[in-house]
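Data block for work.pdb (PDB, C-alpha atoms):
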ATOM      1  CA  MET A   1      24.284  29.393  -9.444
ATOM      2  CA  THR A   2      25.599  31.467  -6.600
ATOM      3  CA  THR A   3      28.963  33.109  -6.967
ATOM      4  CA  LYS A   4      31.051  35.360  -4.794
ATOM      5  CA  GLU A   5      33.464  38.026  -5.905
ATOM      6  CA  ASN A   6      36.215  36.364  -3.957
ATOM      7  CA  ALA A   7      35.462  32.884  -5.293
ATOM      8  CA  ASN A   8      38.530  30.721  -5.427
ATOM      9  CA  GLU A   9      40.126  30.217  -8.764
ATOM     10  CA  PRO A  10      39.507  26.644  -9.919
ATOM     11  CA  SER A  11      43.273  26.196 -10.115
ATOM     12  CA  ASN A  12      43.548  26.644  -6.328
ATOM     13  CA  LEU A  13      41.143  23.776  -5.851
ATOM     14  CA  GLY A  14      43.342  21.316  -7.646
ATOM     15  CA  ALA A  15      45.348  21.197  -4.433
ATOM     16  CA  ILE A  16      42.713  19.180  -2.558
ATOM     17  CA  PHE A  17      42.968  16.453  -5.192
ATOM     18  CA  ASP A  18      46.740  16.206  -4.878
ATOM     19  CA  VAL A  19      46.902  15.193  -1.238
ATOM     20  CA  PRO A  20      46.665  11.558  -0.118
ATOM     21  CA  ASN A  21      43.126  11.828   1.302
ATOM     22  CA  PHE A  22      40.040   9.617   1.128
ATOM     23  CA  MET A  23      39.179  10.884  -2.367
ATOM     24  CA  HIS A  24      42.570   9.707  -3.542
ATOM     25  CA  HIS A  25      42.098   6.409  -1.779
ATOM     26  CA  LEU A  26      38.856   5.749  -3.694
ATOM     27  CA  GLY A  27      40.254   7.063  -6.969
ATOM     28  CA  VAL A  28      37.933  10.048  -7.395
ATOM     29  CA  ASP A  29      38.917  12.532 -10.120
ATOM     30  CA  ALA A  30      37.708  16.063 -10.767
ATOM     31  CA  VAL A  31      36.097  16.454 -14.200
ATOM     32  CA  SER A  32      35.352  20.153 -13.824
ATOM     33  CA  LEU A  33      35.628  22.784 -11.106
ATOM     34  CA  GLU A  34      33.859  26.093 -11.498
ATOM     35  CA  ALA A  35      32.743  28.803  -9.111
ATOM     36  CA  GLY A  36      29.870  27.182  -7.195
ATOM     37  CA  SER A  37      29.857  23.872  -9.009
ATOM     38  CA  CYS A  38      31.930  20.778  -9.527
ATOM     39  CA  GLU A  39      31.811  17.448 -11.285
ATOM     40  CA  LEU A  40      33.573  14.372  -9.923
ATOM     41  CA  ARG A  41      34.169  10.990 -11.512
ATOM     42  CA  LEU A  42      34.869   7.549 -10.125
ATOM     43  CA  ASP A  43      35.576   4.460 -12.231
ATOM     44  CA  PHE A  44      34.104   1.156 -11.114
ATOM     45  CA  GLN A  45      36.339  -1.149  -9.113
ATOM     46  CA  GLU A  46      35.344  -4.540  -7.768
ATOM     47  CA  ASN A  47      36.488  -3.532  -4.265
ATOM     48  CA  LEU A  48      33.936  -0.664  -4.210
ATOM     49  CA  SER A  49      30.978  -2.960  -4.825
ATOM     50  CA  VAL A  50      28.774  -5.083  -2.643
ATOM     51  CA  THR A  51      26.709  -6.784  -5.347
ATOM     52  CA  LYS A  52      28.407  -7.591  -8.633
ATOM     53  CA  GLY A  53      28.760  -4.480 -10.769
ATOM     54  CA  VAL A  54      26.967  -2.182  -8.309
ATOM     55  CA  PHE A  55      28.723   0.595  -6.403
ATOM     56  CA  HIS A  56      28.303   0.300  -2.631
ATOM     57  CA  THR A  57      25.841   2.873  -1.237
ATOM     58  CA  GLY A  58      28.595   4.072   1.079
ATOM     59  CA  VAL A  59      30.603   4.989  -2.000
ATOM     60  CA  VAL A  60      27.542   6.814  -3.402
ATOM     61  CA  ALA A  61      27.259   8.762  -0.142
ATOM     62  CA  ALA A  62      31.001   9.486  -0.149
ATOM     63  CA  MET A  63      30.786  10.851  -3.719
ATOM     64  CA  PHE A  64      27.990  13.191  -2.633
ATOM     65  CA  ASP A  65      29.984  14.277   0.417
ATOM     66  CA  MET A  66      33.036  15.102  -1.709
ATOM     67  CA  ALA A  67      31.042  16.809  -4.478
ATOM     68  CA  VAL A  68      29.007  19.116  -2.228
ATOM     69  CA  THR A  69      32.029  20.001  -0.114
ATOM     70  CA  THR A  70      34.175  20.772  -3.153
ATOM     71  CA  ALA A  71      31.464  22.938  -4.767
ATOM     72  CA  ALA A  72      30.862  24.834  -1.508
ATOM     73  CA  LYS A  73      34.563  25.412  -0.827
ATOM     74  CA  ASN A  74      34.809  26.865  -4.296
ATOM     75  CA  VAL A  75      32.695  29.888  -3.311
ATOM     76  CA  ALA A  76      33.840  30.231   0.303
ATOM     77  CA  PRO A  77      36.143  33.139   1.171
ATOM     78  CA  ASP A  78      39.793  32.231   1.692
ATOM     79  CA  GLY A  79      40.535  30.794   5.118
ATOM     80  CA  VAL A  80      36.933  29.800   5.864
ATOM     81  CA  LYS A  81      36.562  26.153   6.801
ATOM     82  CA  LEU A  82      33.331  24.488   5.724
ATOM     83  CA  VAL A  83      31.952  21.295   7.236
ATOM     84  CA  ILE A  84      28.775  19.381   6.457
ATOM     85  CA  ALA A  85      26.027  20.004   9.021
ATOM     86  CA  GLU A  86      23.421  17.757   7.415
ATOM     87  CA  GLN A  87      22.899  15.901   4.183
ATOM     88  CA  LYS A  88      19.870  14.182   2.703
ATOM     89  CA  LEU A  89      20.271  11.403   0.172
ATOM     90  CA  ASN A  90      17.529  10.126  -2.149
ATOM     91  CA  ILE A  91      18.401   6.963  -4.060
ATOM     92  CA  PHE A  92      16.146   5.781  -6.854
ATOM     93  CA  ALA A  93      18.187   3.124  -8.636
ATOM     94  CA  PRO A  94      21.181   0.887  -7.925
ATOM     95  CA  ALA A  95      24.432   2.540  -9.009
ATOM     96  CA  LYS A  96      25.249  -0.157 -11.574
ATOM     97  CA  GLY A  97      27.709   0.802 -14.281
ATOM     98  CA  ASN A  98      31.270   1.571 -15.278
ATOM     99  CA  GLN A  99      31.487   5.025 -13.790
ATOM    100  CA  LEU A 100      29.859   7.331 -11.252
ATOM    101  CA  ILE A 101      29.488  11.033 -11.995
ATOM    102  CA  ALA A 102      28.543  13.468  -9.222
ATOM    103  CA  VAL A 103      27.511  17.011 -10.172
ATOM    104  CA  ALA A 104      27.121  19.511  -7.324
ATOM    105  CA  THR A 105      25.797  23.070  -7.549
ATOM    106  CA  VAL A 106      25.673  25.669  -4.788
ATOM    107  CA  VAL A 107      22.070  26.827  -4.285
ATOM    108  CA  LYS A 108      22.901  29.516  -1.735
ATOM    109  CA  ALA A 109      26.214  30.592  -0.257
ATOM    110  CA  GLY A 110      25.436  32.467   2.948
ATOM    111  CA  ARG A 111      27.785  33.928   5.553
ATOM    112  CA  THR A 112      27.309  30.963   7.876
ATOM    113  CA  LEU A 113      25.373  28.345   5.907
ATOM    114  CA  THR A 114      25.854  27.083   2.374
ATOM    115  CA  VAL A 115      23.199  24.922   0.700
ATOM    116  CA  VAL A 116      24.329  22.632  -2.100
ATOM    117  CA  GLU A 117      22.373  20.363  -4.420
ATOM    118  CA  ALA A 118      23.992  17.345  -6.055
ATOM    119  CA  ASN A 119      22.944  14.796  -8.645
ATOM    120  CA  LEU A 120      24.570  11.427  -9.148
ATOM    121  CA  TYR A 121      24.660   9.633 -12.501
ATOM    122  CA  VAL A 122      25.861   6.208 -13.461
ATOM    123  CA  ILE A 123      27.438   5.588 -16.848
ATOM    124  CA  LYS A 124      26.813   2.233 -18.493
ATOM    125  CA  GLY A 125      28.098   1.982 -22.054
ATOM    126  CA  SER A 126      26.869   5.124 -23.775
ATOM    127  CA  THR A 127      23.918   5.793 -21.444
ATOM    128  CA  ARG A 128      23.914   8.095 -18.456
ATOM    129  CA  THR A 129      21.186   7.503 -15.876
ATOM    130  CA  GLN A 130      20.521   9.506 -12.754
ATOM    131  CA  CYS A 131      20.476   7.183  -9.761
ATOM    132  CA  ALA A 132      20.417   9.563  -6.768
ATOM    133  CA  LEU A 133      20.134  13.139  -5.596
ATOM    134  CA  SER A 134      21.213  14.950  -2.476
ATOM    135  CA  LEU A 135      20.676  18.222  -0.665
ATOM    136  CA  ALA A 136      23.230  19.313   1.919
ATOM    137  CA  THR A 137      23.944  22.164   4.309
ATOM    138  CA  LEU A 138      27.522  23.170   5.144
ATOM    139  CA  ILE A 139      28.478  25.425   8.011
ATOM    140  CA  ALA A 140      31.421  27.808   8.175
ATOM    141  CA  GLU A 141      33.596  27.130  11.213
TER     142      GLU A 141
ATOM    143  CA  MET U   1      10.519  21.249 -17.702
ATOM    144  CA  SER U   2       9.672  17.640 -17.105
ATOM    145  CA  GLU U   3      10.438  15.041 -19.761
ATOM    146  CA  PHE U   4       8.084  12.401 -18.384
ATOM    147  CA  ASP U   5       5.033  10.906 -20.064
ATOM    148  CA  THR U   6       1.845  10.757 -18.071
ATOM    149  CA  LYS U   7      -0.090   7.520 -17.715
ATOM    150  CA  ASN U   8      -3.317   9.526 -17.549
ATOM    151  CA  PRO U   9      -4.417  11.489 -20.641
ATOM    152  CA  ASN U  10      -6.992  13.159 -18.403
ATOM    153  CA  PHE U  11      -4.363  14.319 -15.886
ATOM    154  CA  ASP U  12      -5.160  18.042 -16.077
ATOM    155  CA  GLN U  13      -8.782  17.598 -15.021
ATOM    156  CA  VAL U  14      -7.942  14.917 -12.426
ATOM    157  CA  VAL U  15      -5.274  17.059 -10.736
ATOM    158  CA  ARG U  16      -7.331  20.257 -10.749
ATOM    159  CA  ASP U  17     -10.319  18.356  -9.346
ATOM    160  CA  SER U  18      -8.182  16.895  -6.555
ATOM    161  CA  PHE U  19      -6.668  20.302  -5.783
ATOM    162  CA  SER U  20     -10.137  21.859  -5.542
ATOM    163  CA  ARG U  21     -11.047  19.227  -2.932
ATOM    164  CA  GLN U  22      -8.168  20.168  -0.593
ATOM    165  CA  PRO U  23      -9.694  22.301   2.164
ATOM    166  CA  PHE U  24      -6.271  23.443   3.388
ATOM    167  CA  MET U  25      -5.195  24.761  -0.034
ATOM    168  CA  SER U  26      -8.465  26.663  -0.375
ATOM    169  CA  PHE U  27      -8.083  27.954   3.221
ATOM    170  CA  ILE U  28      -4.713  29.557   2.417
ATOM    171  CA  GLY U  29      -5.960  30.778  -0.986
ATOM    172  CA  ALA U  30      -3.511  28.724  -3.082
ATOM    173  CA  LYS U  31      -3.944  28.576  -6.850
ATOM    174  CA  ILE U  32      -2.527  26.366  -9.601
ATOM    175  CA  GLU U  33      -0.299  28.559 -11.777
ATOM    176  CA  ASP U  34       0.902  25.886 -14.162
ATOM    177  CA  LEU U  35       0.406  22.177 -14.637
ATOM    178  CA  GLN U  36       2.316  19.933 -17.042
ATOM    179  CA  PRO U  37       3.006  16.196 -16.911
ATOM    180  CA  GLY U  38       5.533  15.879 -14.077
ATOM    181  CA  SER U  39       5.527  19.553 -13.158
ATOM    182  CA  CYS U  40       3.283  21.733 -11.002
ATOM    183  CA  SER U  41       3.449  25.341  -9.913
ATOM    184  CA  LEU U  42       1.307  26.859  -7.147
ATOM    185  CA  SER U  43       0.975  30.382  -5.805
ATOM    186  CA  VAL U  44      -0.396  32.030  -2.681
ATOM    187  CA  GLU U  45      -0.928  35.701  -1.907
ATOM    188  CA  ARG U  46       0.157  37.273   1.364
ATOM    189  CA  ARG U  47      -2.401  37.566   4.158
ATOM    190  CA  ALA U  48      -1.619  38.500   7.748
ATOM    191  CA  GLU U  49      -3.024  35.129   8.898
ATOM    192  CA  LEU U  50      -0.325  33.318   6.923
ATOM    193  CA  THR U  51       2.612  35.141   8.506
ATOM    194  CA  GLN U  52       4.770  34.618  11.562
ATOM    195  CA  GLN U  53       5.920  37.140  14.197
ATOM    196  CA  HIS U  54       8.410  38.895  11.881
ATOM    197  CA  GLY U  55       5.836  39.381   9.127
ATOM    198  CA  PHE U  56       7.273  36.742   6.799
ATOM    199  CA  PHE U  57       5.184  33.897   5.401
ATOM    200  CA  HIS U  58       5.217  31.172   8.048
ATOM    201  CA  GLY U  59       7.847  28.517   7.281
ATOM    202  CA  GLY U  60       5.337  25.718   7.659
ATOM    203  CA  LEU U  61       3.129  27.338   5.069
ATOM    204  CA  VAL U  62       6.028  27.635   2.623
ATOM    205  CA  GLY U  63       6.731  23.930   3.112
ATOM    206  CA  SER U  64       3.046  23.030   2.781
ATOM    207  CA  LEU U  65       2.746  24.875  -0.517
ATOM    208  CA  LEU U  66       5.820  23.104  -1.885
ATOM    209  CA  ASP U  67       4.585  19.736  -0.614
ATOM    210  CA  SER U  68       1.290  20.235  -2.487
ATOM    211  CA  ALA U  69       3.118  21.329  -5.664
ATOM    212  CA  ALA U  70       5.332  18.230  -5.458
ATOM    213  CA  GLY U  71       2.358  15.961  -4.743
ATOM    214  CA  TYR U  72       0.470  17.205  -7.774
ATOM    215  CA  ALA U  73       3.562  17.134 -10.012
ATOM    216  CA  ALA U  74       3.817  13.412  -9.170
ATOM    217  CA  PHE U  75       0.042  12.830  -9.364
ATOM    218  CA  SER U  76      -0.017  14.303 -12.895
ATOM    219  CA  LEU U  77       1.937  11.228 -14.085
ATOM    220  CA  TYR U  78      -0.083   8.601 -12.209
ATOM    221  CA  PRO U  79      -2.543   6.260 -13.932
ATOM    222  CA  GLU U  80      -6.270   6.717 -13.464
ATOM    223  CA  ASN U  81      -7.792   5.268 -10.301
ATOM    224  CA  SER U  82      -4.836   6.058  -8.080
ATOM    225  CA  THR U  83      -3.912   8.594  -5.463
ATOM    226  CA  VAL U  84      -0.817  10.258  -4.078
ATOM    227  CA  LEU U  85       0.811  10.328  -0.638
ATOM    228  CA  THR U  86       3.913  12.172   0.542
ATOM    229  CA  ILE U  87       6.146   9.646   2.288
ATOM    230  CA  ASP U  88       9.240  11.796   2.746
ATOM    231  CA  MET U  89      10.248  15.427   2.446
ATOM    232  CA  LYS U  90      13.331  17.471   3.244
ATOM    233  CA  VAL U  91      13.561  21.216   2.805
ATOM    234  CA  ASN U  92      16.209  23.880   3.218
ATOM    235  CA  PHE U  93      15.163  27.413   4.127
ATOM    236  CA  LEU U  94      17.303  29.771   2.042
ATOM    237  CA  ASN U  95      15.860  33.244   2.659
ATOM    238  CA  PRO U  96      12.944  34.744   4.626
ATOM    239  CA  ALA U  97       9.698  34.442   2.652
ATOM    240  CA  SER U  98       8.849  38.127   2.606
ATOM    241  CA  GLY U  99       6.922  39.916  -0.109
ATOM    242  CA  GLY U 100       3.391  39.768  -1.396
ATOM    243  CA  GLU U 101       3.284  36.420  -3.146
ATOM    244  CA  LEU U 102       4.834  32.954  -3.024
ATOM    245  CA  PHE U 103       5.447  30.621  -5.950
ATOM    246  CA  ALA U 104       6.184  26.945  -5.464
ATOM    247  CA  VAL U 105       7.507  24.920  -8.404
ATOM    248  CA  ALA U 106       8.057  21.154  -8.282
ATOM    249  CA  ASN U 107       9.356  18.713 -10.879
ATOM    250  CA  VAL U 108       9.574  14.940 -11.037
ATOM    251  CA  VAL U 109      13.170  13.701 -11.113
ATOM    252  CA  ASN U 110      12.606   9.964 -11.198
ATOM    253  CA  VAL U 111       9.635   7.693 -11.825
ATOM    254  CA  GLY U 112       9.604   4.339 -10.086
ATOM    255  CA  THR U 113       6.917   1.685  -9.882
ATOM    256  CA  LYS U 114       5.450   2.998  -6.632
ATOM    257  CA  ILE U 115       7.925   5.663  -5.577
ATOM    258  CA  TYR U 116       8.443   8.994  -7.327
ATOM    259  CA  HIS U 117      11.292  11.386  -6.465
ATOM    260  CA  LEU U 118      10.854  15.139  -6.912
ATOM    261  CA  LYS U 119      12.655  18.403  -6.463
ATOM    262  CA  GLY U 120      11.025  21.711  -5.692
ATOM    263  CA  ASP U 121      11.724  25.372  -5.041
ATOM    264  CA  VAL U 122       9.787  28.273  -3.565
ATOM    265  CA  TYR U 123      10.284  31.898  -4.598
ATOM    266  CA  SER U 124       8.774  35.022  -3.086
ATOM    267  CA  LEU U 125       7.923  38.080  -5.127
ATOM    268  CA  LYS U 126       8.635  41.514  -3.683
ATOM    269  CA  ASP U 127       8.568  44.691  -5.793
ATOM    270  CA  GLY U 128       8.982  42.600  -8.933
ATOM    271  CA  LYS U 129      12.069  40.878  -7.488
ATOM    272  CA  LYS U 130      12.181  37.105  -7.077
ATOM    273  CA  THR U 131      13.845  35.686  -3.970
ATOM    274  CA  HIS U 132      14.687  31.996  -3.623
ATOM    275  CA  CYS U 133      13.175  31.038  -0.232
ATOM    276  CA  MET U 134      13.200  27.273  -0.135
ATOM    277  CA  THR U 135      14.534  24.226  -1.912
ATOM    278  CA  GLY U 136      13.537  20.676  -1.165
ATOM    279  CA  VAL U 137      13.397  17.032  -2.162
ATOM    280  CA  PHE U 138      10.291  14.870  -1.929
ATOM    281  CA  THR U 139       9.318  11.225  -2.167
ATOM    282  CA  MET U 140       5.756  10.471  -3.237
ATOM    283  CA  MET U 141       3.982   7.145  -3.279
ATOM    284  CA  CYS U 142       1.545   6.079  -5.958
ATOM    285  CA  LEU U 143      -1.365   4.197  -4.377
ATOM    286  CA  LEU U 144      -2.784   2.149  -7.240
ATOM    287  CA  GLY U 145      -6.436   1.167  -7.188
ATOM    288  CA  MET U 146      -7.195   3.663  -4.420
ATOM    289  CA  SER U 147      -9.555   6.486  -5.257
ATOM    290  CA  ASP U 148      -8.314  10.050  -4.749
ATOM    291  CA  ALA U 149     -11.712  10.878  -3.289
ATOM    292  CA  PRO U 150     -12.894  10.999  -0.629
ATOM    293  CA  ASN U 151     -10.284  11.048   2.131
ATOM    294  CA  LEU U 152      -8.791   7.615   1.444
ATOM    295  CA  GLY U 153     -11.937   6.179   3.051
ATOM    296  CA  ARG U 154     -10.575   6.928   6.511
ATOM    297  CA  VAL U 155     -12.674   9.931   7.479
ATOM    298  CA  LYS U 156     -16.426   9.604   7.790
ATOM    299  CA  GLU U 157     -18.297  12.312   5.916
ATOM    300  CA  ASP U 158     -20.305  13.264   8.984
ATOM    301  CA  ALA U 159     -17.270  13.236  11.319
TER     302      ALA U 159
END
Hey, can you dump this file as structure tokens for me?
Amino acid sequence: MTTKENANEPSNLGAIFDVPNFMHHLGVDAVSLEAGSCELRLDFQENLSVTKGVFHTGVVAAMFDMAVTTAAKNVAPDGVKLVIAEQKLNIFAPAKGNQLIAVATVVKAGRTLTVVEANLYVIKGSTRTQCALSLATLIAE
Amino acid sequence: MSEFDTKNPNFDQVVRDSFSRQPFMSFIGAKIEDLQPGSCSLSVERRAELTQQHGFFHGGLVGSLLDSAAGYAAFSLYPENSTVLTIDMKVNFLNPASGGELFAVANVVNVGTKIYHLKGDVYSLKDGKKTHCMTGVFTMMCLLGMSDAPNLGRVKEDA
């Protein structure tokens, strides 16, 4: 994991979950926020599915977007705005279950570019199965 | 470490045999460092012919080494009488690949019926220090019933 001396305190990050943004709209919660990593959670709702019991792929992509951005912002210096420049998504199974868990980890935090890896799991009963992975690049504006 | 079971008890010999038949890998001097079911590690030593204008390992070479490592990590799980094809790869360049040696490590993340997903990383070694040069994700296809040798039957031996 990459860390910076001036990494934001996790408590500062709570702020982005308190505003009425898209994450709020979907119902995404932060499970853990650490320097260079974060874990997000989203409970299944019928209005997020396309096939019965399966999360829409757009929701899967949105979870990745939020997770990588949150993890990257966590190691960015104060006042630096990060935006996604590109993101690759590999899906190997339908996201069918009660809950989605996205875990993002910063691979490299550079001055201009930050590379973040993220894994997405679906919880069904007591089993947790990985259903997708993503690799993204964020650029400092 | 990979937690996948191979469908081929003879995987070690099959993978090493396939690797030895790759003219490009032998051209760049790549070696198998480690091979486990679902995991493969390759290395290559620095030669001027493998570098670009700044003296770093050429980016394409770094990607090629990782592609081969990922291909063989997937192939190590395949049943006998099958072969492997890369159908998709995405890499991020993290740092210049300087130093005297490159190590590429790839691991299977998910096993499908035909499609295998992998992750891989490349590190360079300079004065005993490891630098993370590349990370990437790969999709490999398992071609069942197709021999790994020779050349998928597409290239004539005398061509």
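Across the structure, atom CA of Thr51 of chain A and atom CA of Gly97 of chain A are spaced 11.8 Å apart.
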Per-residue nearest contacts chain U to chain A, cut-off 8 Å, using only C-alpha atoms, as JSON lines:
{"residue": "U:Lys90", "atom": "CA", "partner": "A:Lys88", "partner_atom": "CA", "distance": 7.3}
{"residue": "U:Asn92", "atom": "CA", "partner": "A:Val115", "partner_atom": "CA", "distance": 7.5}
{"residue": "U:Leu94", "atom": "CA", "partner": "A:Lys108", "partner_atom": "CA", "distance": 6.8}
{"residue": "U:Asn110", "atom": "CA", "partner": "A:Phe92", "partner_atom": "CA", "distance": 7.0}
{"residue": "U:Gly112", "atom": "CA", "partner": "A:Phe92", "partner_atom": "CA", "distance": 7.4}
{"residue": "U:His117", "atom": "CA", "partner": "A:Phe92", "partner_atom": "CA", "distance": 7.4}
{"residue": "U:Gly136", "atom": "CA", "partner": "A:Leu135", "partner_atom": "CA", "distance": 7.6}
{"residue": "U:Val137", "atom": "CA", "partner": "A:Leu135", "partner_atom": "CA", "distance": 7.5}
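Proximity of A:Val59, A:Ile123, A:Ile101, A:Ile139 to Arg41 of chain A, computed with only C-alpha atoms, is greatest for A:Ile101.
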d(atom CA of Ser43 of chain U, atom CA of Phe4 of chain U) in Å: 23.1 Å
Within 8 Å of Ser98 of chain U using only C-alpha atoms, minus same-chain residues under 4 positions, as a PyMOL selection string: chain U and resi 55-57+124-126
Those same residues, written as a PDB file, in the coordinates of the input with C-alpha atoms?
ATOM      1  CA  GLY U  55       5.836  39.381   9.127  1.00  0.00           C
ATOM      2  CA  PHE U  56       7.273  36.742   6.799  1.00  0.00           C
ATOM      3  CA  PHE U  57       5.184  33.897   5.401  1.00  0.00           C
ATOM      4  CA  SER U 124       8.774  35.022  -3.086  1.00  0.00           C
ATOM      5  CA  LEU U 125       7.923  38.080  -5.127  1.00  0.00           C
ATOM      6  CA  LYS U 126       8.635  41.514  -3.683  1.00  0.00           C
TER       7      LYS U 126
END
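For the point (-3.0, 5.0, -8.2) in file coordinates, the residues within 12 Å, using all atoms listed in the file, are Lys7, Asn8, Val14, Ala74, Phe75, Ser76, Leu77, Tyr78, Pro79, Glu80, Asn81, Ser82, Thr83, Val84, Leu85, Thr113, Lys114, Ile115, Met140, Met141, Cys142, Leu143, Leu144, Gly145, Met146, Ser147, Asp148, Ala149 and Leu152 of chain U.
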The PyMOL selection byres ((chain A and resi 96) around 8) applied to the shown file, residues as number ranges by chain: A: 53-55, 94-95, 97-98, 122, 124
Spatial neighbours of Leu40 of chain A, max dist 12 Å, all atoms listed in the file, sep filter under 5 positions, as an MDAnalysis selection string: chainID A and resid 17 23:24 26:34 60 62:71 99:105 118:122
Take the residues that were just selected and, keeping C-alpha atoms, output them as a CSV table (one decimal), in the coordinates of the input.
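Ended up saving to part_17.csv:
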chain,number,residue,atom,x,y,z
A,17,PHE,CA,43.0,16.5,-5.2
A,23,MET,CA,39.2,10.9,-2.4
A,24,HIS,CA,42.6,9.7,-3.5
A,26,LEU,CA,38.9,5.7,-3.7
A,27,GLY,CA,40.3,7.1,-7.0
A,28,VAL,CA,37.9,10.0,-7.4
A,29,ASP,CA,38.9,12.5,-10.1
A,30,ALA,CA,37.7,16.1,-10.8
A,31,VAL,CA,36.1,16.5,-14.2
A,32,SER,CA,35.4,20.2,-13.8
A,33,LEU,CA,35.6,22.8,-11.1
A,34,GLU,CA,33.9,26.1,-11.5
A,60,VAL,CA,27.5,6.8,-3.4
A,62,ALA,CA,31.0,9.5,-0.1
A,63,MET,CA,30.8,10.9,-3.7
A,64,PHE,CA,28.0,13.2,-2.6
A,65,ASP,CA,30.0,14.3,0.4
A,66,MET,CA,33.0,15.1,-1.7
A,67,ALA,CA,31.0,16.8,-4.5
A,68,VAL,CA,29.0,19.1,-2.2
A,69,THR,CA,32.0,20.0,-0.1
A,70,THR,CA,34.2,20.8,-3.2
A,71,ALA,CA,31.5,22.9,-4.8
A,99,GLN,CA,31.5,5.0,-13.8
A,100,LEU,CA,29.9,7.3,-11.3
A,101,ILE,CA,29.5,11.0,-12.0
A,102,ALA,CA,28.5,13.5,-9.2
A,103,VAL,CA,27.5,17.0,-10.2
A,104,ALA,CA,27.1,19.5,-7.3
A,105,THR,CA,25.8,23.1,-7.5
A,118,ALA,CA,24.0,17.3,-6.1
A,119,ASN,CA,22.9,14.8,-8.6
A,120,LEU,CA,24.6,11.4,-9.1
A,121,TYR,CA,24.7,9.6,-12.5
A,122,VAL,CA,25.9,6.2,-13.5
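Restricting the calculation to only C-alpha atoms, the smallest distance between Val105 of chain U and any of U:Glu33, U:Glu45, U:Asp12, U:Asp127 is found for U:Glu33.
Of the listed residues A:Asn47, A:Leu138, A:Asn21, A:Thr127, the one whose atoms come nearest to Val80 of chain A is A:Leu138, with distances taken using all atoms listed in the file.
Between atom CA of Glu46 of chain A and atom CA of Val19 of chain A the interatomic distance comes to 23.8 Å.
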Written as a compact mmCIF listing (two decimals) with C-alpha atoms, in the frame of the given file, what is the full residue list that the PyMOL selection byres ((chain U and resi 17-27) around 12) yields on the file shown?
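Final output, selection_1.txt:
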# COMPACT_ATOMS: atom_id res chain seq x y z
CA ASN U 10 -6.99 13.16 -18.40
CA PHE U 11 -4.36 14.32 -15.89
CA ASP U 12 -5.16 18.04 -16.08
CA GLN U 13 -8.78 17.60 -15.02
CA VAL U 14 -7.94 14.92 -12.43
CA VAL U 15 -5.27 17.06 -10.74
CA ARG U 16 -7.33 20.26 -10.75
CA ILE U 28 -4.71 29.56 2.42
CA GLY U 29 -5.96 30.78 -0.99
CA ALA U 30 -3.51 28.72 -3.08
CA LYS U 31 -3.94 28.58 -6.85
CA ILE U 32 -2.53 26.37 -9.60
CA LEU U 35 0.41 22.18 -14.64
CA CYS U 40 3.28 21.73 -11.00
CA LEU U 42 1.31 26.86 -7.15
CA SER U 43 0.98 30.38 -5.80
CA VAL U 44 -0.40 32.03 -2.68
CA GLU U 45 -0.93 35.70 -1.91
CA ARG U 47 -2.40 37.57 4.16
CA GLU U 49 -3.02 35.13 8.90
CA LEU U 50 -0.32 33.32 6.92
CA LEU U 61 3.13 27.34 5.07
CA VAL U 62 6.03 27.64 2.62
CA SER U 64 3.05 23.03 2.78
CA LEU U 65 2.75 24.88 -0.52
CA LEU U 66 5.82 23.10 -1.88
CA ASP U 67 4.58 19.74 -0.61
CA SER U 68 1.29 20.24 -2.49
CA ALA U 69 3.12 21.33 -5.66
CA GLY U 71 2.36 15.96 -4.74
CA TYR U 72 0.47 17.20 -7.77
CA ALA U 73 3.56 17.13 -10.01
CA PHE U 75 0.04 12.83 -9.36
CA SER U 76 -0.02 14.30 -12.90
CA SER U 82 -4.84 6.06 -8.08
CA THR U 83 -3.91 8.59 -5.46
CA VAL U 84 -0.82 10.26 -4.08
CA SER U 147 -9.56 6.49 -5.26
CA ASP U 148 -8.31 10.05 -4.75
CA ALA U 149 -11.71 10.88 -3.29
CA PRO U 150 -12.89 11.00 -0.63
CA ASN U 151 -10.28 11.05 2.13
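Minimum atom-to-atom distance to Val83 of chain A, evaluated using all atoms listed in the file, belongs to A:Glu141 out of A:Glu141, A:Gln45, A:Pro20, A:Cys38.
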Ref. answer, residues at most 7 Å from (9.8, 24.4, -9.7) with only C-alpha atoms, as number ranges by chain: U: 41, 104-107, 120-121
Give me segment 103-109 of chain A with N, CA and C atoms filled in, as a short mmCIF file (atom, residue, chain, number, x, y, z; two decimals), in the frame of the given file.
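See selection.cif below for the written result:
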data_model
loop_
_atom_site.label_atom_id
_atom_site.label_comp_id
_atom_site.auth_asym_id
_atom_site.auth_seq_id
_atom_site.Cartn_x
_atom_site.Cartn_y
_atom_site.Cartn_z
N VAL A 103 27.52 15.60 -9.78
CA VAL A 103 27.51 17.01 -10.17
C VAL A 103 26.87 17.81 -9.04
N ALA A 104 27.63 18.72 -8.44
CA ALA A 104 27.12 19.51 -7.32
C ALA A 104 27.05 20.99 -7.71
N THR A 105 25.99 21.65 -7.27
CA THR A 105 25.80 23.07 -7.55
C THR A 105 25.38 23.79 -6.27
N VAL A 106 26.03 24.88 -5.97
CA VAL A 106 25.67 25.67 -4.79
C VAL A 106 24.35 26.38 -5.05
N VAL A 107 23.38 26.18 -4.16
CA VAL A 107 22.07 26.83 -4.28
C VAL A 107 22.12 28.20 -3.62
N LYS A 108 22.72 28.24 -2.43
CA LYS A 108 22.90 29.52 -1.74
C LYS A 108 24.18 29.47 -0.89
N ALA A 109 25.01 30.48 -1.08
CA ALA A 109 26.21 30.59 -0.26
C ALA A 109 25.99 31.75 0.70
#
